[in-house]
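Worksheet: one structure, shown below.
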Amino acid sequence: MTKTGLAKTGMIDFRGVNKWFGTLNVLKDITLSVEPREVVVVCGPSGSGKSTLIRCVNGLEAIKDGDLVVDGQRLGDPATNMTQLRTEIGFVFQSFNLYPHKTALENVTLAPIHVRKIPRAEAEKAGRELLAKVGLADKVNAYPAQLSGGQQQRVAIARCLGMRPKIMLFDEPTSALDPEMISEVLDVMVAVAEEGMTMMVVTHEMGFARKVAQRVVFMDAGAIVESGTPEEFFSHPKTDRSRAFLSKILRH
Amino acid sequence: MIWQQLQSLAGSYPLALRGLGMTVMLSLISLVLGTLLGFGLGILRTGGNRLISGLIGAWVDLIRGTPFLVQIFLIFFILPEFGIELDAFTAGIIALTNLAACFICEIVVAGIRSVPTGQVEAALASGLSRWQRMRQVVLPQAMRIVLPPLVGQYVLLIKDSSVVSAIGLTDLTRVGWLVVQRVPNGLLVFFLVGVGYFIVCYPLIMLARRLEQRMGAAHGEVQL
């Protein structure tokens with residue numbers, strides 16, 4: 001544990017975080033605290049920095065200045081073991097990123113066996129249970145190419161759960177899916193949220209946000225413009241930008 | 001006259017066999033060592049350390065950009081000037097291994113770079129160490145791209161091994177030179193030398209073709 005010199009922190013604590021891609025200020029003075037067991041939905045127009053925001057949490061992107069403290073450990077601190085910290089954080093990608101040369105079960109058990117050093121038999125038992133939990137008991141030995149997008153994304157979620165993480169991050173988990181497959185993935189995410197997982201979810205699925213999120217964060221041009229409960233945000237958006245955004249995504 | 005020549009050639013049979021053995025031995029040892037070294041260099045080249053990567057890149061360019069004959073002469077004739085005595089066989093192995101490693105390094109680098117970044121990110125996000133990411137996620141996927149050109153490269157390297165006859169190793173090519181002094185029919189002798197190389201290389205050519213076909217067939221299954 002790294003002493004941060006800061007007061008009691010949340011599970012994920014952004015304090016004045018800035019990030020640039022070249023001269024582009026992709027994250028502007030972000031301050032945001034996510035409590036344990038809280039589900040925060042991050043939304044906003046394309047290019048607003050929401051994916052970058054959650055990619056910073058497990059260090060897929062490095063921050064330029066400010067403090068980002070995750071599970072009590074400050075990112076970028078030499079005392080923080082990033083590889084270790086990542087084992088506590090599940091990350092679900094828009095494009096699934098399953099390992100194509102491994103079966104569904106092997107995808108789920110790879111990190112538990114090699115990182116957590118869990119005996120293979122035990123990891124496989126747990127892996128089968130997780131795949132059953134996401135509704136894929138019969139796809140244990142299937143390769144990703146043999147699965148639909150929705151099934152692949154559910155394997156990807158099971159892969160994260162296999163590590164028993166404290167935090168799960170979702171980067172537009174349903175954006176690459178055909179419409180009829182979105183709900184099967186959202187149902188799994190709802191179940192994970194209801195078990196008390198700390199989650200940050202980049203999504204435009206407002207039904208999901210209403211159902212499980214404690215908070216919706218709206219980003220535009222790299223800054224957090226508005227933040228509130230789903231009810232407040234959807235019914236009474238406070239800024240012009242959030243109103244314009246909502247009118248676009250809720251039109252259809 | 002041709003009858004006499006053929007008889008004389010038949011008498012050279014043991015020498016030819018020795019030459020073939022030398023060519024196979026040289027190729028086998030240097031291809032195994034070169035493959036190991038080439039994979040090591042390829043992995044280091046893509047490892048993110050700019051200095052190491054740059055040095056390997058420069059070395060590979062240097063070796064690829066100079067004739068193999070010159071490299072062999074440098075190793076065999078120049079190194080002794082610095083007190084490093086090498087017999088011809090060791091010099092040949094070193095030169096061929098180095099050449100193989102450099103070409104294979106480039107093939108491995110191309111394979112590693114063909115693996116989508118999302119794969120590395122997924123492995124990174126689940127806490128796999130650098131070596132685990134390479135071993136479990138990147139290399140198995142890179143192999144699909146690497147294998148066909150790798151086997152093709154083996155064929156080229158077996159043929160390049162003929163250059164070691166220049167430092168006096170009695171390989172297949174040198175046997176040709178020796179025999180042609182007794183049997184003055186260059187066309188016939190070197191035709192047979194060519195047949196010798198072809199016998200060694202053809203199975204590999206077939207293997208490379210099969211691997212390419214298999215990869216082409218499997219390509220539709222690759223998730224990007």
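Order determines the names: the first chain of the structure tokens is A, the second B, and so forth; residues in each chain are numbered 1 upward, and ligands are numbered 1 upward as they are shown.
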Find the residues around A:Leu110 up to 10 Å (only C-alpha atoms counted), leave out those fewer than 2 positions away in its own chain, and share them as an MDAnalysis selection string. (chainID A and resid 99 102 105:108 112:117 120 123:124 127 159 162:163) or (chainID B and resid 123 126 128 132 136:137)
Interface list for chain A, partner chain B, 9 Å threshold, only C-alpha atoms, as a PyMOL selection string: chain A and resi 58-60+82-93+95-101+110-112+114-115+144-146+159-160+163
Got a sec: who's within 12 Å of A:Val42, counting only C-alpha atoms, leaving out chain neighbours fewer than 3 positions off, as a ChimeraX atom specification? /A:32,34,39,45-46,48-54,169-172,199-206,208-209,213-220,223-230,233
Output of the above residues as a PDB file, in the first residue's frame, restricted to C-alpha atoms:
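Resulting contents of out.pdb:
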```
ATOM      1  CA  LEU A  32     -13.933  12.395  -9.773  1.00  0.00           C
ATOM      2  CA  VAL A  34     -15.810   6.502  -7.315  1.00  0.00           C
ATOM      3  CA  VAL A  39     -21.537   2.047 -10.473  1.00  0.00           C
ATOM      4  CA  PRO A  45     -20.073  12.579 -27.548  1.00  0.00           C
ATOM      5  CA  SER A  46     -17.445  10.759 -29.563  1.00  0.00           C
ATOM      6  CA  SER A  48     -14.977  13.579 -25.488  1.00  0.00           C
ATOM      7  CA  GLY A  49     -12.278  11.614 -23.648  1.00  0.00           C
ATOM      8  CA  LYS A  50     -14.481   9.062 -21.878  1.00  0.00           C
ATOM      9  CA  SER A  51     -12.564   6.023 -23.101  1.00  0.00           C
ATOM     10  CA  THR A  52      -9.286   7.709 -22.292  1.00  0.00           C
ATOM     11  CA  LEU A  53     -10.621   8.439 -18.805  1.00  0.00           C
ATOM     12  CA  ILE A  54     -11.218   4.791 -17.926  1.00  0.00           C
ATOM     13  CA  LEU A 169     -14.074  -1.005 -16.278  1.00  0.00           C
ATOM     14  CA  PHE A 170     -16.226  -1.261 -19.395  1.00  0.00           C
ATOM     15  CA  ASP A 171     -15.252   0.622 -22.553  1.00  0.00           C
ATOM     16  CA  GLU A 172     -18.389   0.810 -24.726  1.00  0.00           C
ATOM     17  CA  MET A 199     -17.777  -0.262 -11.925  1.00  0.00           C
ATOM     18  CA  MET A 200     -17.024   2.513 -14.379  1.00  0.00           C
ATOM     19  CA  VAL A 201     -18.958   1.993 -17.571  1.00  0.00           C
ATOM     20  CA  VAL A 202     -18.582   4.029 -20.739  1.00  0.00           C
ATOM     21  CA  THR A 203     -21.881   3.495 -22.522  1.00  0.00           C
ATOM     22  CA  HIS A 204     -24.828   5.178 -24.139  1.00  0.00           C
ATOM     23  CA  GLU A 205     -27.196   2.489 -22.907  1.00  0.00           C
ATOM     24  CA  MET A 206     -29.474   4.690 -20.872  1.00  0.00           C
ATOM     25  CA  PHE A 208     -28.603   0.233 -18.111  1.00  0.00           C
ATOM     26  CA  ALA A 209     -27.684   3.548 -16.490  1.00  0.00           C
ATOM     27  CA  ALA A 213     -25.900   3.370 -11.990  1.00  0.00           C
ATOM     28  CA  GLN A 214     -25.709   5.524  -8.906  1.00  0.00           C
ATOM     29  CA  ARG A 215     -24.212   8.303 -10.962  1.00  0.00           C
ATOM     30  CA  VAL A 216     -23.970   9.443 -14.558  1.00  0.00           C
ATOM     31  CA  VAL A 217     -20.985  11.529 -15.588  1.00  0.00           C
ATOM     32  CA  PHE A 218     -21.291  13.529 -18.790  1.00  0.00           C
ATOM     33  CA  MET A 219     -18.072  14.474 -20.567  1.00  0.00           C
ATOM     34  CA  ASP A 220     -17.454  16.838 -23.444  1.00  0.00           C
ATOM     35  CA  ALA A 223     -13.883  17.783 -19.286  1.00  0.00           C
ATOM     36  CA  ILE A 224     -16.585  16.547 -16.932  1.00  0.00           C
ATOM     37  CA  VAL A 225     -19.465  18.867 -17.719  1.00  0.00           C
ATOM     38  CA  GLU A 226     -22.149  17.407 -15.536  1.00  0.00           C
ATOM     39  CA  SER A 227     -22.567  14.680 -12.970  1.00  0.00           C
ATOM     40  CA  GLY A 228     -25.658  13.456 -11.142  1.00  0.00           C
ATOM     41  CA  THR A 229     -28.034  10.593 -10.511  1.00  0.00           C
ATOM     42  CA  PRO A 230     -29.440   8.971 -13.657  1.00  0.00           C
ATOM     43  CA  PHE A 233     -29.377  13.674 -15.576  1.00  0.00           C
TER      44      PHE A 233
END
```
So how far away is atom CA of B:Gly168 from atom CA of B:Val183, in Å?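 According to the coordinates, atom CA of B:Val183 and atom CA of B:Gly168 are separated by 20.0 Å.
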Which residues are close to B:Gly47, i.e. within 12 Å by only C-alpha atoms, leaving aside same-chain residues fewer than 3 positions away? Reply as a JSON list (two decimals) with N, CA, C and O atoms, in the first residue's frame.
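New file selection.json:
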```
[["chain", "number", "residue", "atom", "x", "y", "z"],
["B", 40, "GLY", "N", 15.00, -14.52, -30.41],
["B", 40, "GLY", "CA", 15.45, -13.67, -29.30],
["B", 40, "GLY", "C", 15.63, -12.23, -29.76],
["B", 40, "GLY", "O", 15.13, -11.29, -29.12],
["B", 41, "LEU", "N", 16.31, -12.05, -30.88],
["B", 41, "LEU", "CA", 16.55, -10.70, -31.40],
["B", 41, "LEU", "C", 15.23, -10.02, -31.78],
["B", 41, "LEU", "O", 15.03, -8.84, -31.49],
["B", 42, "GLY", "N", 14.34, -10.79, -32.41],
["B", 42, "GLY", "CA", 13.06, -10.23, -32.82],
["B", 42, "GLY", "C", 12.24, -9.75, -31.62],
["B", 42, "GLY", "O", 11.62, -8.69, -31.66],
["B", 43, "ILE", "N", 12.27, -10.54, -30.56],
["B", 43, "ILE", "CA", 11.52, -10.17, -29.35],
["B", 43, "ILE", "C", 12.14, -8.93, -28.71],
["B", 43, "ILE", "O", 11.44, -7.99, -28.32],
["B", 44, "LEU", "N", 13.47, -8.90, -28.65],
["B", 44, "LEU", "CA", 14.14, -7.72, -28.10],
["B", 44, "LEU", "C", 13.90, -6.48, -28.97],
["B", 44, "LEU", "O", 13.71, -5.38, -28.46],
["B", 50, "ARG", "N", 14.65, 1.48, -26.76],
["B", 50, "ARG", "CA", 15.07, 2.08, -28.03],
["B", 50, "ARG", "C", 16.52, 1.79, -28.38],
["B", 50, "ARG", "O", 16.85, 1.58, -29.55],
["B", 51, "LEU", "N", 17.36, 1.79, -27.37],
["B", 51, "LEU", "CA", 18.79, 1.57, -27.63],
["B", 51, "LEU", "C", 19.01, 0.16, -28.17],
["B", 51, "LEU", "O", 19.62, -0.03, -29.23],
["B", 52, "ILE", "N", 18.48, -0.83, -27.44],
["B", 52, "ILE", "CA", 18.64, -2.22, -27.85],
["B", 52, "ILE", "C", 18.02, -2.44, -29.23],
["B", 52, "ILE", "O", 18.61, -3.02, -30.12],
["B", 53, "SER", "N", 16.81, -1.91, -29.39],
["B", 53, "SER", "CA", 16.10, -2.07, -30.65],
["B", 53, "SER", "C", 16.90, -1.45, -31.80],
["B", 53, "SER", "O", 17.04, -2.04, -32.88],
["B", 54, "GLY", "N", 17.46, -0.26, -31.55],
["B", 54, "GLY", "CA", 18.24, 0.43, -32.57],
["B", 54, "GLY", "C", 19.50, -0.34, -32.93],
["B", 54, "GLY", "O", 19.85, -0.46, -34.11],
["B", 56, "ILE", "N", 20.05, -3.58, -32.63],
["B", 56, "ILE", "CA", 19.70, -4.79, -33.38],
["B", 56, "ILE", "C", 19.34, -4.42, -34.82],
["B", 56, "ILE", "O", 19.78, -5.06, -35.77],
["B", 109, "VAL", "N", 9.87, -10.04, -36.25],
["B", 109, "VAL", "CA", 9.39, -8.68, -35.95],
["B", 109, "VAL", "C", 8.09, -8.41, -36.72],
["B", 109, "VAL", "O", 7.12, -7.90, -36.16],
["B", 112, "ILE", "N", 5.26, -10.32, -35.00],
["B", 112, "ILE", "CA", 4.86, -9.71, -33.73],
["B", 112, "ILE", "C", 4.05, -8.44, -33.98],
["B", 112, "ILE", "O", 3.03, -8.20, -33.34],
["B", 113, "ARG", "N", 4.50, -7.64, -34.96],
["B", 113, "ARG", "CA", 3.78, -6.39, -35.23],
["B", 113, "ARG", "C", 2.43, -6.62, -35.87],
["B", 113, "ARG", "O", 1.58, -5.74, -35.87],
["B", 130, "ARG", "N", 5.40, -9.24, -18.82],
["B", 130, "ARG", "CA", 5.86, -9.03, -20.18],
["B", 130, "ARG", "C", 6.15, -10.35, -20.91],
["B", 130, "ARG", "O", 5.76, -10.55, -22.04],
["B", 131, "TRP", "N", 6.86, -11.25, -20.20],
["B", 131, "TRP", "CA", 7.19, -12.52, -20.83],
["B", 131, "TRP", "C", 5.94, -13.37, -21.05],
["B", 131, "TRP", "O", 5.78, -14.03, -22.07],
["B", 133, "ARG", "N", 2.93, -12.24, -21.57],
["B", 133, "ARG", "CA", 2.20, -11.66, -22.71],
["B", 133, "ARG", "C", 2.79, -12.18, -24.01],
["B", 133, "ARG", "O", 2.07, -12.55, -24.94],
["B", 134, "MET", "N", 4.13, -12.20, -24.07],
["B", 134, "MET", "CA", 4.81, -12.65, -25.27],
["B", 134, "MET", "C", 4.52, -14.13, -25.51],
["B", 134, "MET", "O", 4.10, -14.55, -26.60]]
```
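Residues in contact with A:Ser33 at up to 7 Å, not including ones fewer than 2 positions away on its chain and judged by only C-alpha atoms, are A:Gly10, A:Ile12, A:Asp13, A:Phe14, A:Thr31, A:Glu35.
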Atom CA of A:Glu231 and atom CA of A:Val192 are how many Å apart? 21.4 Å
Using only C-alpha atoms, which protein or nucleic acid residues come within 7 Å of stretch 21-36 of chain B? Drop anything in the same chain fewer than 2 positions from it, and give the result as a ChimeraX atom specification. /B:17-19,38-40,93,96-98,100-101,104,158,161,170-172
Any chance you can output those residues with C-alpha atoms as a compact mmCIF listing (two decimals), in the first residue's frame?
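Result file selection.txt:
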```txt
# COMPACT_ATOMS: atom_id res chain seq x y z
CA LEU B 17 28.06 -38.19 -49.65
CA ARG B 18 30.53 -36.51 -47.31
CA GLY B 19 29.86 -33.17 -49.00
CA GLY B 38 16.54 -14.78 -34.46
CA PHE B 39 13.49 -15.15 -32.20
CA GLY B 40 15.45 -13.67 -29.30
CA ILE B 93 28.63 -22.04 -38.36
CA LEU B 96 25.61 -18.85 -41.21
CA THR B 97 24.00 -18.61 -37.77
CA ASN B 98 24.44 -14.85 -37.78
CA ALA B 100 20.05 -16.79 -40.38
CA ALA B 101 19.40 -14.90 -37.14
CA ILE B 104 14.68 -14.56 -39.06
CA ILE B 158 20.62 -23.89 -47.05
CA SER B 161 25.62 -22.44 -47.07
CA THR B 170 34.21 -29.72 -48.00
CA ASP B 171 30.51 -29.19 -48.48
CA LEU B 172 28.51 -30.21 -51.51
```
Residue with smallest distance to A:Ser183 - pool A:Lys64, A:Arg74, A:Arg128, A:Arg154, counting only C-alpha atoms: A:Arg154
Across A:Arg37, A:Lys28, A:Lys19, A:Lys166, the smallest distance to A:Ile63, with only C-alpha atoms counted, is shown by A:Lys19
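Separating atom CA of B:Leu37 from atom CA of B:Val115 is a distance of 21.0 Å.
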Per DSSP on the backbone, what are the helix (DSSP H, G or I) residues of stretch 22-88 of chain A, as a ChimeraX atom specification? /A:50-57,82-86
So that I can see what lies close to stretch 188-191 of chain A, please list as a PyMOL selection string the residues with an atom at most 9 Å from it, counting only C-alpha atoms and leaving out residues fewer than 6 positions away in the same chain. chain A and resi 133-135+154+157+208+211-212
